[in-house]
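Visitor: Next comes query.json, JSON, C-alpha atoms:
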```json
[["chain", "number", "residue", "atom", "x", "y", "z"],
["A", 28, "MET", "CA", -22.50, -16.61, 36.19],
["A", 29, "THR", "CA", -19.33, -16.87, 38.28],
["A", 30, "THR", "CA", -16.19, -16.94, 36.17],
["A", 31, "THR", "CA", -13.49, -16.93, 38.84],
["A", 32, "PHE", "CA", -12.44, -19.49, 41.41],
["A", 33, "PRO", "CA", -12.89, -18.50, 45.08],
["A", 34, "ASP", "CA", -10.03, -18.10, 47.55],
["A", 35, "ILE", "CA", -10.44, -21.63, 48.83],
["A", 36, "SER", "CA", -9.03, -24.00, 51.44],
["A", 37, "ILE", "CA", -9.52, -27.75, 50.89],
["A", 38, "ASN", "CA", -8.85, -30.17, 53.72],
["A", 39, "THR", "CA", -8.28, -33.91, 53.90],
["A", 40, "ASP", "CA", -7.18, -35.97, 56.90],
["A", 41, "ARG", "CA", -3.52, -35.40, 56.04],
["A", 42, "LEU", "CA", -3.42, -32.33, 53.81],
["A", 43, "VAL", "CA", -4.48, -28.71, 53.52],
["A", 44, "LEU", "CA", -4.72, -27.18, 50.04],
["A", 45, "ARG", "CA", -4.64, -23.39, 50.22],
["A", 46, "ALA", "CA", -3.52, -20.27, 48.41],
["A", 47, "LEU", "CA", 0.22, -19.86, 48.00],
["A", 48, "GLU", "CA", 1.83, -17.56, 50.58],
["A", 49, "GLU", "CA", 5.06, -15.58, 50.33],
["A", 50, "ALA", "CA", 6.54, -17.70, 53.14],
["A", 51, "ASP", "CA", 6.30, -20.68, 50.77],
["A", 52, "ALA", "CA", 8.91, -19.20, 48.41],
["A", 53, "PRO", "CA", 12.04, -21.02, 49.71],
["A", 54, "ALA", "CA", 10.35, -24.44, 49.77],
["A", 55, "LEU", "CA", 8.71, -23.78, 46.39],
["A", 56, "ALA", "CA", 12.05, -22.86, 44.81],
["A", 57, "GLU", "CA", 13.71, -25.96, 46.27],
["A", 58, "MET", "CA", 10.93, -28.18, 44.93],
["A", 59, "MET", "CA", 11.07, -26.66, 41.45],
["A", 60, "ASN", "CA", 14.82, -27.32, 41.21],
["A", 61, "ASP", "CA", 14.29, -31.07, 41.58],
["A", 62, "GLU", "CA", 15.48, -33.19, 38.64],
["A", 63, "MET", "CA", 12.09, -34.80, 38.02],
["A", 64, "VAL", "CA", 10.28, -31.47, 38.07],
["A", 65, "ALA", "CA", 12.79, -30.04, 35.62],
["A", 66, "ALA", "CA", 12.42, -33.05, 33.32],
["A", 67, "TRP", "CA", 8.62, -32.98, 33.04],
["A", 68, "THR", "CA", 7.72, -29.29, 33.29],
["A", 69, "ALA", "CA", 8.61, -26.02, 31.58],
["A", 70, "VAL", "CA", 9.79, -24.46, 34.86],
["A", 71, "PRO", "CA", 12.94, -22.33, 34.25],
["A", 72, "GLN", "CA", 16.15, -23.91, 35.50],
["A", 73, "PRO", "CA", 17.67, -23.04, 37.87],
["A", 74, "TYR", "CA", 14.55, -21.80, 39.67],
["A", 75, "THR", "CA", 15.21, -18.94, 42.06],
["A", 76, "GLU", "CA", 13.39, -17.74, 45.16],
["A", 77, "ASP", "CA", 12.69, -14.48, 43.31],
["A", 78, "ALA", "CA", 10.91, -16.50, 40.63],
["A", 79, "ALA", "CA", 8.95, -18.32, 43.32],
["A", 80, "ARG", "CA", 7.89, -15.03, 44.92],
["A", 81, "GLY", "CA", 6.83, -13.75, 41.51],
["A", 82, "TRP", "CA", 4.64, -16.82, 41.03],
["A", 83, "ILE", "CA", 3.14, -16.39, 44.51],
["A", 84, "THR", "CA", 2.56, -12.63, 44.53],
["A", 85, "ARG", "CA", 1.84, -11.88, 40.86],
["A", 86, "TYR", "CA", 1.14, -14.87, 38.62],
["A", 87, "ALA", "CA", -1.12, -16.96, 40.86],
["A", 88, "PRO", "CA", -3.39, -14.10, 42.02],
["A", 89, "THR", "CA", -3.72, -12.82, 38.45],
["A", 90, "GLU", "CA", -4.66, -16.25, 37.10],
["A", 91, "ARG", "CA", -7.37, -16.63, 39.74],
["A", 92, "THR", "CA", -8.92, -13.18, 39.42],
["A", 93, "ALA", "CA", -8.83, -13.38, 35.60],
["A", 94, "GLY", "CA", -10.70, -16.69, 35.77],
["A", 95, "ARG", "CA", -8.02, -18.66, 33.95],
["A", 96, "GLY", "CA", -7.09, -21.01, 36.77],
["A", 97, "LEU", "CA", -6.10, -21.64, 40.35],
["A", 98, "ASP", "CA", -2.79, -22.44, 42.06],
["A", 99, "LEU", "CA", -2.97, -24.25, 45.39],
["A", 100, "ALA", "CA", -0.19, -25.03, 47.85],
["A", 101, "VAL", "CA", -0.46, -28.59, 49.16],
["A", 102, "THR", "CA", 0.70, -28.72, 52.78],
["A", 103, "GLU", "CA", 0.86, -31.36, 55.49],
["A", 104, "PHE", "CA", -1.89, -30.83, 58.06],
["A", 105, "LEU", "CA", 0.32, -31.60, 61.06],
["A", 106, "THR", "CA", 3.60, -29.92, 60.07],
["A", 107, "GLN", "CA", 2.32, -27.28, 57.58],
["A", 108, "ARG", "CA", 5.28, -28.24, 55.41],
["A", 109, "LEU", "CA", 4.89, -27.62, 51.66],
["A", 110, "VAL", "CA", 4.24, -30.99, 50.01],
["A", 111, "GLY", "CA", 3.52, -29.80, 46.49],
["A", 112, "ILE", "CA", 1.35, -27.80, 44.14],
["A", 113, "VAL", "CA", -1.97, -28.43, 42.41],
["A", 114, "GLN", "CA", -2.62, -26.15, 39.47],
["A", 115, "LEU", "CA", -5.79, -25.60, 37.45],
["A", 116, "SER", "CA", -5.41, -23.88, 34.07],
["A", 117, "ASN", "CA", -7.07, -23.35, 30.67],
["A", 118, "THR", "CA", -10.43, -23.04, 32.39],
["A", 119, "ASP", "CA", -13.55, -22.83, 30.21],
["A", 120, "TRP", "CA", -16.42, -21.51, 32.32],
["A", 121, "ARG", "CA", -19.08, -22.10, 29.68],
["A", 122, "VAL", "CA", -18.10, -25.75, 29.27],
["A", 123, "ARG", "CA", -17.30, -25.99, 33.01],
["A", 124, "SER", "CA", -13.99, -27.66, 32.24],
["A", 125, "THR", "CA", -10.43, -27.10, 33.43],
["A", 126, "GLU", "CA", -7.02, -28.75, 33.20],
["A", 127, "MET", "CA", -5.18, -30.05, 36.27],
["A", 128, "SER", "CA", -1.47, -30.56, 36.89],
["A", 129, "TYR", "CA", 0.42, -31.42, 40.06],
["A", 130, "ILE", "CA", 3.96, -31.39, 41.42],
["A", 131, "ILE", "CA", 5.11, -33.16, 44.58],
["A", 132, "ALA", "CA", 8.35, -32.42, 46.45],
["A", 133, "PRO", "CA", 10.90, -35.25, 46.22],
["A", 134, "TRP", "CA", 10.88, -35.90, 49.99],
["A", 135, "ALA", "CA", 7.08, -36.39, 49.93],
["A", 136, "ARG", "CA", 6.82, -38.84, 47.04],
["A", 137, "GLY", "CA", 5.55, -42.35, 47.58],
["A", 138, "GLU", "CA", 3.07, -41.31, 50.29],
["A", 139, "GLY", "CA", 0.00, -40.97, 48.07],
["A", 140, "TYR", "CA", -0.05, -37.18, 48.47],
["A", 141, "ALA", "CA", -0.46, -36.44, 44.76],
["A", 142, "SER", "CA", -3.48, -38.74, 44.44],
["A", 143, "GLU", "CA", -5.01, -37.42, 47.66],
["A", 144, "ALA", "CA", -4.60, -33.77, 46.64],
["A", 145, "ALA", "CA", -5.81, -34.39, 43.07],
["A", 146, "LEU", "CA", -8.88, -36.31, 44.25],
["A", 147, "ALA", "CA", -9.75, -33.65, 46.83],
["A", 148, "THR", "CA", -9.49, -30.94, 44.17],
["A", 149, "ALA", "CA", -11.66, -32.93, 41.76],
["A", 150, "GLN", "CA", -14.31, -33.54, 44.44],
["A", 151, "TRP", "CA", -14.41, -29.82, 45.18],
["A", 152, "LEU", "CA", -14.60, -28.88, 41.50],
["A", 153, "PHE", "CA", -17.46, -31.25, 40.75],
["A", 154, "GLY", "CA", -19.31, -30.79, 44.04],
["A", 155, "ASP", "CA", -18.91, -27.13, 44.95],
["A", 156, "GLN", "CA", -18.09, -25.53, 41.60],
["A", 157, "LYS", "CA", -20.40, -27.74, 39.50],
["A", 158, "PHE", "CA", -17.73, -28.47, 36.90],
["A", 159, "GLU", "CA", -18.45, -31.18, 34.34],
["A", 160, "ARG", "CA", -14.98, -32.12, 33.14],
["A", 161, "LEU", "CA", -11.41, -32.23, 34.40],
["A", 162, "GLU", "CA", -8.54, -32.88, 32.01],
["A", 163, "LEU", "CA", -4.97, -34.01, 32.66],
["A", 164, "ARG", "CA", -2.08, -34.26, 30.23],
["A", 165, "THR", "CA", 0.91, -36.43, 31.07],
["A", 166, "ALA", "CA", 4.11, -36.89, 29.11],
["A", 167, "ALA", "CA", 4.29, -40.33, 27.51],
["A", 168, "ASP", "CA", 7.14, -41.51, 29.77],
["A", 169, "ASN", "CA", 5.93, -39.83, 32.98],
["A", 170, "THR", "CA", 4.57, -43.02, 34.54],
["A", 171, "ALA", "CA", 4.29, -41.54, 38.05],
["A", 172, "SER", "CA", 1.89, -38.84, 36.85],
["A", 173, "GLN", "CA", -0.06, -41.40, 34.85],
["A", 174, "GLN", "CA", -0.49, -43.58, 37.94],
["A", 175, "VAL", "CA", -1.99, -40.62, 39.81],
["A", 176, "ALA", "CA", -4.46, -40.03, 36.97],
["A", 177, "GLN", "CA", -5.52, -43.68, 37.05],
["A", 178, "LYS", "CA", -5.88, -43.74, 40.85],
["A", 179, "ILE", "CA", -8.36, -40.87, 40.87],
["A", 180, "GLY", "CA", -10.50, -42.45, 38.14],
["A", 181, "CYS", "CA", -9.33, -40.67, 35.01],
["A", 182, "ILE", "CA", -9.98, -42.30, 31.64],
["A", 183, "SER", "CA", -7.26, -42.27, 28.98],
["A", 184, "GLU", "CA", -8.81, -40.54, 25.98],
["A", 185, "GLY", "CA", -5.99, -40.54, 23.46],
["A", 186, "VAL", "CA", -2.55, -39.28, 22.50],
["A", 187, "LEU", "CA", -1.44, -35.87, 21.27],
["A", 188, "ARG", "CA", 1.53, -36.85, 19.15],
["A", 189, "ASN", "CA", 4.68, -34.73, 19.44],
["A", 190, "ALA", "CA", 2.80, -32.19, 21.58],
["A", 191, "CYS", "CA", 5.03, -32.24, 24.68],
["A", 192, "ILE", "CA", 8.49, -30.83, 25.30],
["A", 193, "ALA", "CA", 10.34, -32.69, 28.07],
["A", 194, "ARG", "CA", 13.95, -32.21, 29.16],
["A", 195, "THR", "CA", 16.90, -34.52, 29.71],
["A", 196, "ARG", "CA", 20.35, -34.03, 31.21],
["A", 197, "THR", "CA", 23.28, -33.92, 28.79],
["A", 198, "GLU", "CA", 26.79, -35.17, 29.48],
["A", 199, "ASP", "CA", 27.97, -31.67, 30.39],
["A", 200, "GLY", "CA", 25.20, -31.32, 33.00],
["A", 201, "THR", "CA", 22.98, -28.92, 31.07],
["A", 202, "TRP", "CA", 19.38, -29.52, 30.03],
["A", 203, "ALA", "CA", 18.37, -30.47, 26.48],
["A", 204, "GLU", "CA", 14.82, -30.44, 25.16],
["A", 205, "LEU", "CA", 13.23, -33.70, 24.10],
["A", 206, "ARG", "CA", 10.01, -33.90, 22.10],
["A", 207, "THR", "CA", 7.49, -36.54, 23.10],
["A", 208, "ASP", "CA", 3.75, -37.28, 23.19],
["A", 209, "PHE", "CA", 1.04, -36.15, 25.60],
["A", 210, "ILE", "CA", -1.43, -38.69, 26.93],
["A", 211, "VAL", "CA", -4.80, -36.99, 27.50],
["A", 212, "TRP", "CA", -6.89, -38.07, 30.49],
["A", 213, "GLY", "CA", -10.46, -37.05, 31.21],
["A", 214, "LEU", "CA", -12.39, -37.12, 34.47],
["A", 215, "LEU", "CA", -16.16, -36.60, 34.74],
["A", 216, "PRO", "CA", -18.23, -36.44, 37.95],
["A", 217, "GLU", "CA", -19.53, -39.99, 37.51],
["A", 218, "ASP", "CA", -15.96, -41.31, 37.19],
["A", 219, "LEU", "CA", -15.41, -40.53, 40.89],
["A", 220, "ASP", "CA", -17.97, -43.11, 42.02],
["A", 221, "GLY", "CA", -16.17, -45.50, 44.37],
["A", 222, "VAL", "CA", -12.73, -43.91, 43.92],
["A", 223, "ALA", "CA", -12.58, -42.44, 47.43],
["A", 224, "ASP", "CA", -13.52, -45.80, 48.93],
["A", 225, "GLN", "CA", -10.83, -47.56, 46.91],
["A", 226, "MET", "CA", -8.21, -45.08, 48.09],
["A", 227, "ALA", "CA", -9.35, -45.45, 51.70],
["A", 228, "GLU", "CA", -9.00, -49.22, 51.42],
["A", 229, "ALA", "CA", -5.46, -48.67, 50.14],
["A", 230, "GLY", "CA", -4.68, -46.62, 53.25],
["A", 231, "TYR", "CA", -5.11, -43.09, 51.85],
["A", 232, "SER", "CA", -7.40, -40.39, 53.16],
["A", 233, "SER", "CA", -10.82, -40.18, 51.53],
["A", 234, "TYR", "CA", -12.42, -37.40, 53.58],
["A", 235, "THR", "CA", -12.58, -33.97, 52.00],
["A", 236, "ASP", "CA", -13.91, -30.67, 53.27],
["A", 237, "TRP", "CA", -13.59, -27.14, 51.93],
["A", 238, "SER", "CA", -14.17, -23.60, 53.10]]
```
Take the structure in the file and write it out as structure tokens.
Guide:
Amino acid sequence: MTTTFPDISINTDRLVLRALEEADAPALAEMMNDEMVAAWTAVPQPYTEDAARGWITRYAPTERTAGRGLDLAVTEFLTQRLVGIVQLSNTDWRVRSTEMSYIIAPWARGEGYASEAALATAQWLFGDQKFERLELRTAADNTASQQVAQKIGCISEGVLRNACIARTRTEDGTWAELRTDFIVWGLLPEDLDGVADQMAEAGYSSYTDWS
């Protein structure tokens, strides 16, 4: 039984999801230094280009070959500009389940890219990889991430109380940790029925291909 993700490229009308490349390091570092990214993730702050290159050249390849997960760069099809990241982690190959997270660059928000990339990844996981469950965890106050989960058909399954560490800016400009809840979302193959059509009606791409 296969227990590693392939080196994959996933295409929609607007996006290409592919392996991270070293040339992505400057844009990745810039994205990770955004205030919203810092608030809702555990990414070190400030985030350097050296850290980005370490993620690209060491962490991401190791996670894939070890079977733990997959890190995909989300890029615009026309410009090849880095839009964001989709990450799969905590993969259980026996259960055929994995956890998804996503980050979108500040300049690309509001265009439906997060939903499009997340849906394309879910379609590939369920269709090509025969997975049976996808899980998302969103901080209780991270409404943007919750909206993405809802758009792709996820079902809210409950709350993990006090399980999330978020960050907030202090008066002196530094970051302080803030404990909050995780909302757990689950997505099964049957939950995708009709989702692509709904997104297409809303003006977002619904076509997905992979190679």
Visitor: Find the residues around Ala65 in chain A up to 10 Å (all atoms listed in the file counted), leave out those fewer than 4 positions away in its own chain, and share them as a list in words.
Guide: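 The residues satisfying every condition are Met58, Met59, Asn60, Asp61, Ala69, Val70, Pro71, Gln72, Pro73, Tyr74, Ala193, Arg194, Thr195, Arg196 and Trp202 of chain A.
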Visitor: Of the residues A:Val186, A:Val101, A:Ala176, A:Cys191, which is the one nearest to Arg41 in chain A, using only C-alpha atoms?
Guide: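 Closest to Arg41 in chain A, using only C-alpha atoms: A:Val101.
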Visitor: Work out how far apart CA of Pro133 in chain A and CA of Gly221 in chain A are and give it in Å to one decimal.
Guide: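 According to the coordinates, CA of Pro133 in chain A and CA of Gly221 in chain A are separated by 29.0 Å.
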Visitor: Contacts of Ala79 in chain A at 6 Å or less, counting all atoms listed in the file, minus same-chain residues fewer than 2 places along, as a list in words?
Guide: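 Listed by chain and then number, they are Ala52, Ala56, Glu76, Asp77, Gly81 and Trp82 of chain A.
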Visitor: Keeping C-alpha atoms, export the residues of the selection given above as a compact mmCIF listing (two decimals), keeping the file's coordinate frame.
Guide:
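Saved as again16.txt:
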```txt
# COMPACT_ATOMS: atom_id res chain seq x y z
CA ALA A 52 8.91 -19.20 48.41
CA ALA A 56 12.05 -22.86 44.81
CA GLU A 76 13.39 -17.74 45.16
CA ASP A 77 12.69 -14.48 43.31
CA GLY A 81 6.83 -13.75 41.51
CA TRP A 82 4.64 -16.82 41.03
```
Visitor: Could you give me the axis-aligned bounding box of range 206-210 of chain A, with 5 Å of padding per side, as centre plus edge lengths in Å to one decimal, as lines of an AutoDock Vina configuration file?
Guide:
```
center_x = 4.3
center_y = -36.3
center_z = 24.5
size_x = 21.4
size_y = 14.8
size_z = 14.8
```
Visitor: Name the residues in contact with Gly111 in chain A at a cut-off of 7 Å, using all atoms listed in the file, excluding same-chain residues fewer than 3 positions from it; report them as JSON, numbers by chain.
Guide: {"A": [100, 101, 102, 130, 131, 132]}
Visitor: Please identify all polymer residues within 12 Å of Ala190 in chain A, counting all atoms listed in the file, omitting same-chain residues fewer than 5 positions from it, and present them as a PyMOL selection string.
Guide: chain A and resi 164-167+205-211
Visitor: What lies within 12 Å of Phe104 in chain A using only C-alpha atoms, ignoring chain neighbours under 6 positions off, as a PyMOL selection string?
Guide: chain A and resi 36-45+110+140
Visitor: So, counting all atoms listed in the file, which residue among A:Arg91, A:Met63, A:Thr75, A:Ala135 is closest to Thr170 in chain A?
Guide: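 When distances to Thr170 in chain A are compared using all atoms listed in the file, the smallest one comes from A:Met63.
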Visitor: So the first atom is CA of Gly185 in chain A and the second is CA of Trp212 in chain A; what is the distance between them in Å, to one decimal place?
Guide: 7.5 Å
Visitor: Between A:Leu105, A:Ile192, A:Val222, A:Leu97, which residue has the minimum interatomic distance to Gln150 in chain A, considering all atoms listed in the file?
Guide: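 The answer is A:Val222, which sits nearest to Gln150 in chain A.
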Visitor: From the options A:Gly200, A:Gly180, A:Gly96, A:Pro33, which residue's atoms come nearest to Glu126 in chain A, counting all atoms listed in the file?
Guide: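 Once distances to Glu126 in chain A are computed over all atoms listed in the file, the minimum belongs to A:Gly96.
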Visitor: Using all atoms listed in the file, which of the listed residues (A:Leu219, A:Thr92, A:Asp199, A:Ala141) sits closest to Val113 in chain A?
Guide: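 Once distances to Val113 in chain A are computed over all atoms listed in the file, the minimum belongs to A:Ala141.
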Visitor: Which of these, A:Ile83, A:Leu161, A:Leu99, A:Ile182, has the shortest distance to Thr118 in chain A once you count only C-alpha atoms?
Guide: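 Of A:Ile83, A:Leu161, A:Leu99, A:Ile182, the one nearest Thr118 in chain A, counting only C-alpha atoms, is A:Leu161.
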Visitor: Please, what distance in Å, to one decimal, runs between CA of Thr68 in chain A and CA of Ala50 in chain A?
Guide: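 Pair CA of Thr68 in chain A / CA of Ala50 in chain A returns 23.0 Å.
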Visitor: List every protein, DNA or RNA residue that has at least one atom no more than 10 Å from (-15.0, -15.0, 32.5) in the file's coordinates, counting all atoms listed in the file, and write the result as a PyMOL selection string.
Guide: chain A and resi 28-31+92-95+118-121
